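Participant: Sending over a structure as structure tokens; questions will come in a sec.
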Amino acid sequence: MNPRERFSKALKELCDVCREEGWGDPLNYGRSREIDMAIKLGHTVSNTLAGADAYDRFENPVEYKTTTGDTIKGTYNGISVHDSWEKQEKYLREEKIGKYKEHYFARYRGDVILECWKLTGEQVLDYLIPKLKISYESKAHRKDPRLGAQIPAEIIRTGEIIDI
């Protein structure tokens with residue numbers, strides 16, 4: 001088989017496996033890396049693209065953030081905006097970020113995880129809440145009012161390193 005045929009065959013196989021397992025579109029924004037992380041961590045892959053990325057061995061929902069960059073980071077973007085900061089913070093703590101007790105961050109090169117770290121939901125919130133408040137307060141000046149912030153490597157690396 002030539003490279004084009006091999007690629008088409010591999011893509012078909014990947015999509016077939018995901019369809020059979022109910023994992024959704026593996027080509028949808030990083031979904032293939034989320035599936036790979038769940039498998040390597042021994043988690044159950046979520047069957048939806050909304051909500052939890054996977055479930056741990058106790059069936060607790062977990063959040064994954066992946067990057068292919070030279071430095072690990074975690075991006076939280078497209079967060080729905082509420083009509084007051086009090087409601088916004090409650091949403092962040094109870095429904096969006098804080099409901100995931102574990103957040104996993106991985107840096108990939110191709111199909112290989114170069115590093116993987118785990119932070120608690122509280123650690124993530126402690127770092128993100130002040131950043132998201134600034135984003136919230138400046139939302140009126142942006143075309144897209146949804147909130148977003150990044151967790152940098154120096155924060156991620158204060159968590160627990162995961163050997164994969």
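So you can find residues: chains in the structure tokens are A, B, ... in the order shown, residues in each start at 1, and ligands are numbered from 1 in order.
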What residues in stretch 36-124 of chain A get the DSSP label alpha helix (DSSP H)? Please answer as a list in words.
Facilitator: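 These are the residues in question: Asp36, Met37, Ala38, Ile39, Lys40, Leu41, Trp85, Glu86, Lys87, Gln88, Glu89, Lys90, Tyr91, Gly121, Glu122, Gln123 and Val124 of chain A.
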Participant: Counting only C-alpha atoms, give me one row per residue of stretch 31-97 of chain A with an atom at most 6 Å from an atom of stretch 142-158 of chain A, showing the shortest contact pair and its distance in Å to one decimal, sorted by chain then residue number, as a tab-separated table.
Facilitator:
```
residue	atom	partner	partner_atom	distance
A:Ile72	CA	A:Ala153	CA	5.2
A:Lys73	CA	A:Pro152	CA	4.8
A:Gly74	CA	A:Ile151	CA	5.0
A:Thr75	CA	A:Gln150	CA	4.4
A:Tyr76	CA	A:Gly148	CA	5.4
A:Asn77	CA	A:Gly148	CA	4.1
A:Gly78	CA	A:Arg146	CA	5.1
A:Ile79	CA	A:Leu147	CA	4.8
A:Ser80	CA	A:Arg146	CA	5.4
A:Val81	CA	A:Arg146	CA	5.7
```
Participant: Print the selection's residues with N, CA and C atoms to a file, as a CSV table (one decimal), in the first residue's frame.
Facilitator:
```csv
chain,number,residue,atom,x,y,z
A,72,ILE,N,4.0,22.3,28.1
A,72,ILE,CA,2.6,21.8,28.6
A,72,ILE,C,1.8,23.0,29.0
A,73,LYS,N,0.5,23.0,28.8
A,73,LYS,CA,-0.4,24.1,29.2
A,73,LYS,C,-1.8,23.5,29.1
A,74,GLY,N,-2.7,24.2,29.8
A,74,GLY,CA,-4.1,23.8,29.7
A,74,GLY,C,-5.0,25.0,29.4
A,75,THR,N,-5.8,24.9,28.3
A,75,THR,CA,-6.6,26.0,27.9
A,75,THR,C,-8.1,25.7,28.2
A,76,TYR,N,-8.7,26.6,28.9
A,76,TYR,CA,-10.1,26.5,29.2
A,76,TYR,C,-10.8,27.7,28.5
A,77,ASN,N,-11.4,27.4,27.3
A,77,ASN,CA,-12.0,28.4,26.5
A,77,ASN,C,-13.5,28.2,26.3
A,78,GLY,N,-14.2,29.2,25.8
A,78,GLY,CA,-15.6,29.1,25.4
A,78,GLY,C,-16.5,28.8,26.5
A,79,ILE,N,-16.2,29.4,27.7
A,79,ILE,CA,-17.0,29.2,28.9
A,79,ILE,C,-18.2,30.1,28.9
A,80,SER,N,-19.4,29.6,29.0
A,80,SER,CA,-20.6,30.4,29.0
A,80,SER,C,-20.6,31.5,30.0
A,81,VAL,N,-21.2,32.6,29.7
A,81,VAL,CA,-21.2,33.8,30.5
A,81,VAL,C,-22.5,33.9,31.2
```
Participant: Set the distance at 7 Å and use only C-alpha atoms: which residues neighbour stretch 119-135 of chain A once local chain neighbours fewer than 2 positions away are removed? I'd like the list as a list in words.
Facilitator: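 Counting only the stated atoms, we get Ile97, Gly98, Tyr100, Lys101, Glu102, His103, Tyr104, Trp117, Glu137, Ser138, Lys139, Leu147, Gly148, Ala149, Ile156, Gly159 and Glu160 of chain A.
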Participant: Once DSSP has gone over the backbone, tell me which residues of stretch 37-134 of chain A are in strand (DSSP E), as a ChimeraX atom specification.
Facilitator: /A:44-45,54-55,61-67,74-79,102-109,112-120
Participant: Grab the residues selected above and save them as a PDB file, in the first residue's frame with C-alpha atoms.
Facilitator:
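As a result, result-v7.pdb now contains:
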```pdb
ATOM      1  CA  THR A  44     -13.700   4.915  30.679  1.00  0.00           C
ATOM      2  CA  VAL A  45     -14.078   7.060  27.573  1.00  0.00           C
ATOM      3  CA  ALA A  54     -13.842  10.364  30.678  1.00  0.00           C
ATOM      4  CA  TYR A  55     -14.608   8.632  33.970  1.00  0.00           C
ATOM      5  CA  PRO A  61     -16.035  12.441  35.771  1.00  0.00           C
ATOM      6  CA  VAL A  62     -12.589  13.773  34.823  1.00  0.00           C
ATOM      7  CA  GLU A  63     -11.340  16.575  32.602  1.00  0.00           C
ATOM      8  CA  TYR A  64      -8.462  16.291  30.121  1.00  0.00           C
ATOM      9  CA  LYS A  65      -6.370  19.046  28.573  1.00  0.00           C
ATOM     10  CA  THR A  66      -3.817  18.218  25.912  1.00  0.00           C
ATOM     11  CA  THR A  67      -1.277  20.112  23.889  1.00  0.00           C
ATOM     12  CA  GLY A  74      -4.105  23.781  29.695  1.00  0.00           C
ATOM     13  CA  THR A  75      -6.609  25.964  27.905  1.00  0.00           C
ATOM     14  CA  TYR A  76     -10.119  26.533  29.221  1.00  0.00           C
ATOM     15  CA  ASN A  77     -12.024  28.408  26.475  1.00  0.00           C
ATOM     16  CA  GLY A  78     -15.565  29.055  25.375  1.00  0.00           C
ATOM     17  CA  ILE A  79     -16.971  29.187  28.895  1.00  0.00           C
ATOM     18  CA  GLU A 102      -9.371  15.590  38.762  1.00  0.00           C
ATOM     19  CA  HIS A 103      -7.967  17.466  35.764  1.00  0.00           C
ATOM     20  CA  TYR A 104      -5.289  15.729  33.691  1.00  0.00           C
ATOM     21  CA  PHE A 105      -2.846  17.644  31.489  1.00  0.00           C
ATOM     22  CA  ALA A 106      -0.777  15.919  28.827  1.00  0.00           C
ATOM     23  CA  ARG A 107       1.779  17.046  26.280  1.00  0.00           C
ATOM     24  CA  TYR A 108       1.913  14.927  23.143  1.00  0.00           C
ATOM     25  CA  ARG A 109       4.348  14.438  20.326  1.00  0.00           C
ATOM     26  CA  VAL A 112       3.293   9.634  22.453  1.00  0.00           C
ATOM     27  CA  ILE A 113       2.528  11.337  25.769  1.00  0.00           C
ATOM     28  CA  LEU A 114       5.737  13.119  26.755  1.00  0.00           C
ATOM     29  CA  GLU A 115       4.427  14.225  30.143  1.00  0.00           C
ATOM     30  CA  CYS A 116       1.191  13.933  32.087  1.00  0.00           C
ATOM     31  CA  TRP A 117       0.164  15.720  35.277  1.00  0.00           C
ATOM     32  CA  LYS A 118      -2.892  15.720  37.524  1.00  0.00           C
ATOM     33  CA  LEU A 119      -4.323  18.681  39.412  1.00  0.00           C
ATOM     34  CA  THR A 120      -7.379  18.718  41.621  1.00  0.00           C
TER      35      THR A 120
END
```
